[in-house]
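Visitor: As input, take model-v9.txt (compact mmCIF, C-alpha atoms):
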# COMPACT_ATOMS: atom_id res chain seq x y z
CA MET A 1 -34.78 -28.48 15.10
CA GLU A 2 -31.28 -28.99 16.44
CA SER A 3 -30.57 -25.38 17.26
CA VAL A 4 -32.12 -21.94 17.13
CA LYS A 5 -29.82 -19.52 15.36
CA ARG A 6 -32.30 -16.74 14.57
CA VAL A 7 -35.46 -15.62 16.37
CA GLY A 8 -38.09 -13.27 15.01
CA VAL A 9 -40.09 -11.20 17.52
CA VAL A 10 -43.28 -9.25 16.80
CA LEU A 11 -44.46 -6.57 19.23
CA MET A 12 -48.21 -6.32 18.71
CA THR A 13 -50.46 -3.45 19.68
CA TYR A 14 -53.70 -1.75 18.71
CA GLY A 15 -52.54 0.72 16.09
CA SER A 16 -53.67 4.25 15.30
CA PRO A 17 -54.68 6.37 12.32
CA ALA A 18 -51.71 7.81 10.44
CA THR A 19 -53.60 11.00 9.51
CA LEU A 20 -56.94 12.60 10.36
CA ASP A 21 -58.27 11.27 7.04
CA ASP A 22 -57.54 7.73 8.29
CA VAL A 23 -59.67 8.03 11.45
CA GLU A 24 -62.84 6.58 9.91
CA THR A 25 -61.03 3.61 8.37
CA TYR A 26 -59.20 2.92 11.61
CA MET A 27 -62.39 3.08 13.67
CA THR A 28 -64.14 0.81 11.16
CA ASN A 29 -61.37 -1.75 11.60
CA VAL A 30 -61.66 -1.53 15.40
CA ARG A 31 -65.42 -2.10 15.10
CA GLY A 32 -65.01 -5.23 13.02
CA GLY A 33 -66.02 -3.61 9.74
CA ARG A 34 -68.97 -1.57 11.04
CA LYS A 35 -68.67 2.09 10.11
CA PRO A 36 -68.85 4.50 13.04
CA GLU A 37 -71.43 7.25 13.17
CA PRO A 38 -70.24 10.48 11.49
CA GLU A 39 -70.45 12.44 14.75
CA LEU A 40 -68.21 9.87 16.47
CA VAL A 41 -65.67 10.14 13.65
CA GLU A 42 -65.67 13.92 14.00
CA GLU A 43 -65.18 13.71 17.76
CA PHE A 44 -62.19 11.42 17.38
CA ARG A 45 -60.76 13.55 14.59
CA ARG A 46 -60.97 16.45 17.05
CA ARG A 47 -59.16 14.47 19.73
CA TYR A 48 -56.38 13.29 17.43
CA GLU A 49 -55.96 16.81 16.05
CA LEU A 50 -55.76 18.23 19.57
CA ILE A 51 -52.88 15.92 20.55
CA GLY A 52 -51.11 16.30 17.20
CA GLY A 53 -51.79 12.69 16.17
CA SER A 54 -50.99 9.48 18.00
CA PRO A 55 -47.30 8.58 18.40
CA LEU A 56 -48.16 4.93 19.22
CA ILE A 57 -46.83 3.33 16.04
CA ARG A 58 -43.60 5.33 16.09
CA ILE A 59 -43.00 4.56 19.77
CA THR A 60 -43.75 0.85 19.34
CA GLN A 61 -41.21 0.74 16.51
CA GLN A 62 -38.70 2.46 18.81
CA GLN A 63 -39.47 -0.13 21.48
CA ALA A 64 -38.88 -2.88 18.90
CA ALA A 65 -35.49 -1.41 17.96
CA ALA A 66 -34.46 -1.04 21.61
CA LEU A 67 -35.60 -4.59 22.40
CA GLU A 68 -33.68 -6.01 19.44
CA GLU A 69 -30.53 -4.27 20.67
CA GLU A 70 -31.06 -5.52 24.23
CA LEU A 71 -31.70 -9.13 23.21
CA ASN A 72 -28.65 -9.28 20.96
CA ARG A 73 -26.54 -7.67 23.70
CA ARG A 74 -27.68 -10.40 26.10
CA HIS A 75 -26.89 -13.18 23.62
CA PRO A 76 -23.57 -12.33 21.94
CA ALA A 77 -23.06 -15.98 20.98
CA GLY A 78 -26.56 -16.29 19.52
CA PRO A 79 -29.27 -16.66 18.67
CA ARG A 80 -29.67 -13.43 16.71
CA PHE A 81 -32.94 -11.62 17.29
CA GLN A 82 -34.90 -9.50 14.84
CA VAL A 83 -37.74 -7.47 16.38
CA VAL A 84 -40.50 -5.71 14.46
CA ALA A 85 -43.74 -3.92 15.39
CA GLY A 86 -47.14 -4.97 14.00
CA MET A 87 -50.56 -3.39 14.52
CA ARG A 88 -53.93 -5.07 14.82
CA PHE A 89 -56.12 -2.33 13.34
CA SER A 90 -53.85 -0.16 11.20
CA PRO A 91 -50.76 -0.45 9.01
CA PRO A 92 -48.23 -1.91 9.45
CA PHE A 93 -50.54 -4.84 10.24
CA VAL A 94 -49.25 -7.92 12.05
CA ALA A 95 -49.68 -9.92 8.84
CA ASP A 96 -47.51 -7.40 6.98
CA VAL A 97 -44.49 -7.70 9.29
CA VAL A 98 -44.49 -11.44 10.06
CA PRO A 99 -42.64 -12.40 6.84
CA GLU A 100 -39.84 -9.95 7.73
CA ALA A 101 -39.60 -11.22 11.30
CA ALA A 102 -39.66 -14.87 10.25
CA ALA A 103 -37.12 -14.60 7.42
CA GLY A 104 -34.30 -17.00 8.23
CA ALA A 105 -35.66 -17.59 11.73
CA GLN A 106 -36.34 -20.92 13.41
CA ALA A 107 -38.67 -19.37 16.00
CA LEU A 108 -41.24 -16.58 15.93
CA ILE A 109 -42.28 -15.00 19.25
CA GLY A 110 -45.24 -12.65 19.59
CA VAL A 111 -45.54 -10.17 22.47
CA ILE A 112 -48.86 -8.40 22.98
CA MET A 113 -48.13 -4.96 24.38
CA SER A 114 -50.48 -5.45 27.31
CA PRO A 115 -48.97 -7.16 30.37
CA GLN A 116 -52.32 -8.48 31.62
CA TYR A 117 -53.43 -11.34 29.36
CA SER A 118 -56.97 -12.36 28.49
CA PRO A 119 -57.67 -15.16 25.97
CA ILE A 120 -60.95 -13.46 25.06
CA ILE A 121 -59.74 -9.88 24.81
CA MET A 122 -56.31 -10.64 23.32
CA GLY A 123 -57.35 -13.56 21.12
CA GLY A 124 -57.33 -11.41 17.98
CA TYR A 125 -53.59 -10.82 18.32
CA VAL A 126 -52.87 -14.51 18.69
CA ARG A 127 -54.97 -15.32 15.62
CA ALA A 128 -53.34 -12.57 13.57
CA LEU A 129 -49.84 -13.87 14.32
CA THR A 130 -50.57 -17.57 13.93
CA GLU A 131 -52.55 -17.10 10.71
CA ALA A 132 -49.79 -14.98 9.21
CA ALA A 133 -47.21 -17.60 10.21
CA THR A 134 -49.35 -20.38 8.73
CA ARG A 135 -49.43 -18.57 5.39
CA LEU A 136 -45.63 -18.84 5.28
CA LYS A 137 -46.02 -22.65 5.01
CA ARG A 138 -42.97 -23.17 7.22
CA SER A 139 -43.30 -26.45 9.10
CA ASP A 140 -39.90 -25.77 10.68
CA LEU A 141 -40.98 -22.45 12.26
CA LEU A 142 -41.71 -22.57 15.98
CA VAL A 143 -44.43 -20.03 16.83
CA LYS A 144 -45.52 -18.91 20.30
CA VAL A 145 -47.21 -15.84 21.78
CA ALA A 146 -46.29 -14.60 25.25
CA GLU A 147 -49.24 -14.61 27.60
CA ASP A 148 -49.47 -12.99 31.03
CA TRP A 149 -46.53 -10.97 32.39
CA HIS A 150 -48.36 -8.52 34.65
CA LEU A 151 -46.02 -9.15 37.62
CA GLN A 152 -42.76 -9.36 35.68
CA PRO A 153 -40.22 -7.85 38.14
CA ASP A 154 -38.54 -5.39 35.76
CA PHE A 155 -41.93 -4.21 34.49
CA ILE A 156 -43.15 -3.56 38.04
CA GLU A 157 -39.92 -1.78 38.96
CA ALA A 158 -40.03 0.35 35.80
CA LEU A 159 -43.52 1.59 36.66
CA ALA A 160 -42.61 2.01 40.32
CA GLY A 161 -39.70 4.16 39.21
CA ARG A 162 -42.02 6.34 37.16
CA VAL A 163 -44.30 6.79 40.19
CA ARG A 164 -41.38 7.74 42.46
CA GLN A 165 -40.11 10.16 39.83
CA ALA A 166 -43.53 11.82 39.53
CA LEU A 167 -44.03 12.07 43.30
CA ASP A 168 -40.64 13.78 43.60
CA HIS A 169 -42.01 16.65 41.52
CA PHE A 170 -44.73 17.51 44.05
CA PRO A 171 -44.05 20.17 46.69
CA PRO A 172 -42.32 18.63 49.73
CA GLU A 173 -45.18 19.63 52.05
CA VAL A 174 -47.75 17.48 50.13
CA ARG A 175 -45.52 14.79 48.59
CA GLY A 176 -46.14 12.31 51.40
CA ARG A 177 -49.90 12.34 51.07
CA VAL A 178 -50.65 12.73 47.33
CA PRO A 179 -53.18 10.04 46.29
CA VAL A 180 -52.17 7.85 43.34
CA LEU A 181 -54.83 6.62 40.90
CA PHE A 182 -53.71 3.47 39.08
CA THR A 183 -55.81 3.25 35.91
CA ALA A 184 -56.69 0.74 33.20
CA HIS A 185 -58.90 0.93 30.15
CA SER A 186 -62.54 0.42 31.07
CA MET A 187 -64.49 -2.30 29.29
CA PRO A 188 -68.13 -3.28 28.96
CA LYS A 189 -69.05 -5.28 32.05
CA ARG A 190 -70.41 -8.11 29.91
CA VAL A 191 -66.98 -8.65 28.33
CA VAL A 192 -65.19 -9.33 31.60
CA ASP A 193 -67.98 -11.04 33.53
CA GLY A 194 -66.88 -14.37 32.07
CA GLU A 195 -63.19 -13.73 32.72
CA PRO A 196 -62.65 -12.13 36.14
CA GLY A 197 -58.99 -13.16 36.15
CA TYR A 198 -58.18 -10.32 33.74
CA ILE A 199 -59.47 -7.67 36.13
CA ALA A 200 -57.72 -9.43 39.02
CA ALA A 201 -54.44 -9.19 37.09
CA LEU A 202 -54.89 -5.45 36.55
CA LYS A 203 -55.48 -4.94 40.27
CA GLU A 204 -52.52 -7.17 41.17
CA THR A 205 -50.26 -5.02 38.97
CA ALA A 206 -51.47 -1.88 40.75
CA ALA A 207 -50.97 -3.46 44.18
CA ALA A 208 -47.46 -4.66 43.30
CA ILE A 209 -46.43 -1.18 42.14
CA ALA A 210 -47.91 0.42 45.26
CA GLU A 211 -46.00 -2.04 47.45
CA ARG A 212 -42.74 -1.39 45.59
CA VAL A 213 -43.17 2.37 45.96
CA GLY A 214 -44.17 2.01 49.61
CA LEU A 215 -47.64 3.51 49.30
CA PRO A 216 -49.95 2.66 52.20
CA ALA A 217 -53.41 1.39 51.30
CA GLU A 218 -55.05 4.77 51.92
CA ARG A 219 -52.69 6.48 49.43
CA TRP A 220 -53.76 4.65 46.27
CA LEU A 221 -56.82 3.47 44.34
CA PHE A 222 -57.43 1.38 41.23
CA CYS A 223 -59.94 2.86 38.79
CA TYR A 224 -60.87 2.91 35.11
CA GLN A 225 -60.56 5.35 32.23
CA SER A 226 -61.52 5.69 28.57
CA ALA A 227 -65.01 4.16 28.78
CA GLY A 228 -66.60 3.70 25.36
CA HIS A 229 -69.41 5.59 23.69
CA THR A 230 -72.12 2.96 24.16
CA PRO A 231 -75.17 2.83 26.45
CA GLU A 232 -74.20 -0.47 28.11
CA GLU A 233 -72.66 -0.73 31.57
CA TRP A 234 -68.91 -0.11 31.71
CA LEU A 235 -66.56 -0.96 34.57
CA LYS A 236 -66.45 1.37 37.56
CA PRO A 237 -65.18 3.41 39.29
CA ASP A 238 -64.19 5.82 36.53
CA PHE A 239 -61.62 8.48 37.35
CA ALA A 240 -64.34 11.09 36.83
CA ASP A 241 -66.24 9.60 39.79
CA VAL A 242 -63.13 9.54 41.98
CA MET A 243 -61.90 13.13 41.60
CA PRO A 244 -64.71 14.81 43.64
CA GLU A 245 -64.35 12.12 46.33
CA LEU A 246 -60.65 12.92 46.70
CA LYS A 247 -61.41 16.61 47.07
CA ALA A 248 -64.13 15.87 49.65
CA ALA A 249 -61.59 13.81 51.61
CA GLY A 250 -59.36 16.87 51.89
CA HIS A 251 -56.83 16.19 49.13
CA THR A 252 -55.38 19.01 47.05
CA HIS A 253 -53.32 17.03 44.50
CA VAL A 254 -53.65 13.81 42.49
CA LEU A 255 -51.25 11.61 40.49
CA MET A 256 -52.48 9.28 37.73
CA ALA A 257 -50.50 6.16 36.85
CA PRO A 258 -51.71 3.87 34.03
CA VAL A 259 -50.78 0.24 34.71
CA GLN A 260 -51.77 -1.21 31.34
CA PHE A 261 -50.61 1.30 28.71
CA LEU A 262 -46.97 0.95 27.71
CA ALA A 263 -46.57 3.94 25.38
CA ASP A 264 -47.99 7.39 24.77
CA HIS A 265 -51.15 7.29 22.64
CA LEU A 266 -54.69 8.69 22.56
CA GLU A 267 -55.76 7.15 25.88
CA ILE A 268 -52.79 8.85 27.57
CA LEU A 269 -52.44 12.12 25.68
CA TYR A 270 -56.16 12.90 25.45
CA ASP A 271 -58.12 10.78 27.94
CA ILE A 272 -55.70 11.51 30.80
CA ASP A 273 -53.78 14.65 29.87
CA VAL A 274 -56.93 16.45 28.69
CA GLY A 275 -59.95 14.62 30.12
CA ALA A 276 -58.63 13.60 33.53
CA ARG A 277 -56.86 16.92 34.00
CA GLU A 278 -60.15 18.71 33.31
CA GLN A 279 -61.98 16.51 35.82
CA ALA A 280 -59.29 17.07 38.46
CA GLU A 281 -59.22 20.83 38.01
CA GLN A 282 -63.02 21.03 38.10
CA ALA A 283 -62.86 19.21 41.43
CA GLY A 284 -60.21 21.65 42.69
CA LEU A 285 -57.25 19.25 42.50
CA GLN A 286 -53.79 19.88 41.07
CA PHE A 287 -53.16 17.16 38.49
CA ALA A 288 -50.12 15.16 37.37
CA ARG A 289 -49.47 11.81 35.69
CA ILE A 290 -46.46 9.54 35.49
CA GLU A 291 -44.27 9.56 32.41
CA SER A 292 -45.14 6.69 30.07
CA LEU A 293 -42.74 3.76 29.89
CA ASN A 294 -42.02 4.10 26.15
CA VAL A 295 -38.34 3.03 25.82
CA GLU A 296 -37.39 3.22 29.52
CA PRO A 297 -34.40 0.81 29.89
CA ARG A 298 -35.86 -1.22 32.78
CA PHE A 299 -39.03 -1.74 30.74
CA ILE A 300 -37.03 -2.87 27.69
CA ALA A 301 -35.26 -5.34 30.00
CA ALA A 302 -38.70 -6.61 31.05
CA LEU A 303 -39.68 -7.18 27.42
CA ALA A 304 -36.39 -9.02 26.82
CA ALA A 305 -37.10 -11.33 29.75
CA VAL A 306 -40.61 -12.00 28.42
CA VAL A 307 -39.20 -12.95 25.01
CA GLU A 308 -36.54 -15.21 26.54
CA GLU A 309 -39.04 -16.97 28.80
CA THR A 310 -41.53 -17.45 25.97
CA LEU A 311 -38.85 -18.88 23.70
CA GLN A 312 -37.70 -21.30 26.39
CA ALA A 313 -41.32 -22.35 27.01
CA ALA A 314 -41.80 -22.97 23.28
CA LEU A 315 -38.64 -25.07 23.11
CA ALA A 316 -39.69 -27.04 26.18
CA GLU A 317 -42.89 -28.03 24.38
CA LEU A 318 -40.89 -29.73 21.61
CA PRO A 319 -40.00 -33.43 21.82
CA SER A 320 -36.86 -33.77 23.94
CA ALA A 321 -34.72 -34.86 21.01
CA ALA A 322 -35.53 -31.65 19.15
CA GLN A 323 -35.06 -29.18 21.95
CA ALA A 324 -32.63 -26.36 21.27
CA GLN A 325 -30.38 -24.47 23.61
CA VAL A 326 -30.49 -20.68 23.70
CA GLY A 327 -27.63 -18.35 24.51
Rewrite the coordinates I just gave you, this time as C-alpha cells.

Guide:
Amino acid sequence: MESVKRVGVVLMTYGSPATLDDVETYMTNVRGGRKPEPELVEEFRRRYELIGGSPLIRITQQQAAALEEELNRRHPAGPRFQVVAGMRFSPPFVADVVPEAAAGAQALIGVIMSPQYSPIIMGGYVRALTEAATRLKRSDLLVKVAEDWHLQPDFIEALAGRVRQALDHFPPEVRGRVPVLFTAHSMPKRVVDGEPGYIAALKETAAAIAERVGLPAERWLFCYQSAGHTPEEWLKPDFADVMPELKAAGHTHVLMAPVQFLADHLEILYDIDVGAREQAEQAGLQFARIESLNVEPRFIAALAAVVEETLQAALAELPSAAQAQVG
C-alpha cells in the first residue's frame, strides 16, 4: 500500500428498536438469541413509548455525517473519508454498512461509541467489524478498531463544557454547591471482576471532567445507573442509593452527568430523565442533567482525533516500505 486515498469509518453502537413492535426482536438480539419474558418486553415497550422511541440510531447517523465533514475539512488534500453508522443489535447492522464504508477505501477504521474500552465487553463490536471486512475478501484493506479514548482532551472538554453549561442554569445562591453525579451503566459484578481496568477508566473520565470544571472532591461522586433485571449482584452505588444521602447531607439540588453515553437514548431519556428524576424528587432534591453530547462540535473534533490516531497506528503496524502518509 503506497498511499491511502480513501478511508472508511464505521461508528458502532448498541442500536435500538425502530418501533414498539421491534422491541422483542431487539431484546432477543441483545440477549444472544434468548427471548425475553413477556412482562419484560411489555415494560420496555412502555418505556420506549413514554419517551417517544429511541433517537439513538438517528443521532449516531448525524454524528457520522458531522464526523465525515470534519475529517474531510481537516484533510483537504486527502485522504477522503466516508463515515457511516452501524449497530450491533438492530438494523442497520455493522455487517450491513461495512461494504459501503469500505468501497474504494484502502483503510477501514471502526470507532466504538464508548470512550472506555474493554476487550471483554466491547469484543462483539470488534468481531462484527472484522468479520464483515473479511467477507469482502480484500487483502489490500487495512482494518483497525479504535480502543480506549476515555481521556481524549476534546472529549473531556466537551463534557466539561456541558457540566459548566448545566451548572449555570442553577440559581446563583446554590450554584457553587450543587453536587454532580457522574454516572455510567451498571454491570453485573462478575463481568468486571476480571477486568478492573474498565471501571478504573470510567472513574478516571469522571475525575478528569471534575478537574477541568474545577469541582472540589466533596462536590462530585461517581455512581451507576440502569442496572439490569436479574437477581445477580450489580455494581454499586446506584444513583437511587445516593439521592437520600445527598438530601441527608443538606443538599437541595443535584446534577447528573453521564460519562459513558454519547447520545440521547433510553438510558438517558428514561433511566435518568424519568427514573433518576423520580428518585431525586422523592428524596426532596431538585433535579437536572447535562445535555448529551450528540453532535456538539468539540465532541466531533474528539472523534476526528480518534480516527486520525487509529489510522496512523494502523499504518505504523505495516512494514516500513508499505507505510502511507496521511494528510

Visitor: Take every atom of range 205-218 of chain A listed in the file, pad by 4 Å on each side, and give me the axis-aligned box centre and edge lengths in Å, one decimal, as AutoDock Vina command-line options.

Guide:
--center_x -48.9 --center_y -0.1 --center_z 45.6 --size_x 20.3 --size_y 17.8 --size_z 21.2

Visitor: Taking into account only C-alpha atoms, which residue in the set A:Leu108, A:Val94, A:Ala158, A:Ala66 is nearest to Leu141 in chain A?

Guide: A:Leu108

Visitor: Taking (-54.9, 18.3, 25.0) in the file's coordinates as the center, which residues reach within 12 Å of it, counting only C-alpha atoms, put as a PDB file with C-alpha atoms, in the coordinates of the input?

Guide:
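Full text of result_16.pdb as output:
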ATOM      1  CA  ARG A  46     -60.970  16.450  17.050  1.00  0.00           C
ATOM      2  CA  ARG A  47     -59.160  14.470  19.730  1.00  0.00           C
ATOM      3  CA  TYR A  48     -56.380  13.290  17.430  1.00  0.00           C
ATOM      4  CA  GLU A  49     -55.960  16.810  16.050  1.00  0.00           C
ATOM      5  CA  LEU A  50     -55.760  18.230  19.570  1.00  0.00           C
ATOM      6  CA  ILE A  51     -52.880  15.920  20.550  1.00  0.00           C
ATOM      7  CA  GLY A  52     -51.110  16.300  17.200  1.00  0.00           C
ATOM      8  CA  GLY A  53     -51.790  12.690  16.170  1.00  0.00           C
ATOM      9  CA  SER A  54     -50.990   9.480  18.000  1.00  0.00           C
ATOM     10  CA  HIS A 265     -51.150   7.290  22.640  1.00  0.00           C
ATOM     11  CA  LEU A 266     -54.690   8.690  22.560  1.00  0.00           C
ATOM     12  CA  GLU A 267     -55.760   7.150  25.880  1.00  0.00           C
ATOM     13  CA  ILE A 268     -52.790   8.850  27.570  1.00  0.00           C
ATOM     14  CA  LEU A 269     -52.440  12.120  25.680  1.00  0.00           C
ATOM     15  CA  TYR A 270     -56.160  12.900  25.450  1.00  0.00           C
ATOM     16  CA  ASP A 271     -58.120  10.780  27.940  1.00  0.00           C
ATOM     17  CA  ILE A 272     -55.700  11.510  30.800  1.00  0.00           C
ATOM     18  CA  ASP A 273     -53.780  14.650  29.870  1.00  0.00           C
ATOM     19  CA  VAL A 274     -56.930  16.450  28.690  1.00  0.00           C
ATOM     20  CA  GLY A 275     -59.950  14.620  30.120  1.00  0.00           C
ATOM     21  CA  ALA A 276     -58.630  13.600  33.530  1.00  0.00           C
ATOM     22  CA  ARG A 277     -56.860  16.920  34.000  1.00  0.00           C
ATOM     23  CA  GLU A 278     -60.150  18.710  33.310  1.00  0.00           C
TER      24      GLU A 278
END

Visitor: What separation in Å, quoted to one decimal, exists between CA of Met12 in chain A and CA of Ile121 in chain A?

Guide: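 These two atoms are separated by 13.5 Å.
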
Visitor: From the set A:Leu20, A:Thr60, A:Ala280, A:Pro258, which residue has the shortest atom-to-atom contact distance to Phe44 in chain A, counting all atoms listed in the file?

Guide: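 When distances to Phe44 in chain A are compared using all atoms listed in the file, the smallest one comes from A:Leu20.
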
Visitor: Considering only C-alpha atoms, can you say which of A:Ala65, A:Met122, A:Leu246, A:Ala206 comes closest to Ala283 in chain A?

Guide: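 Using only C-alpha atoms, the shortest distance to Ala283 in chain A belongs to A:Leu246.
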
Visitor: Select, from A:Val213, A:Met113, A:Val23, A:Ala64, the residue with the minimum atom-to-atom distance to Tyr125 in chain A, counting all atoms listed in the file.

Guide: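 Going through A:Val213, A:Met113, A:Val23, A:Ala64 one by one, the smallest distance to Tyr125 in chain A is for A:Met113.
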
Visitor: So which one's closest to Pro216 in chain A, A:Val98, A:Met187, A:Ala248, A:Val180? Using all atoms listed in the file, please.

Guide: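 Using all atoms listed in the file, the shortest distance to Pro216 in chain A belongs to A:Val180.
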
Visitor: With distances taken over all atoms listed in the file, which residue among A:Lys247, A:Ala77, A:Leu255, A:Tyr14 lies nearest His169 in chain A?

Guide: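 Among the listed residues, the smallest separation from His169 in chain A belongs to A:Leu255.
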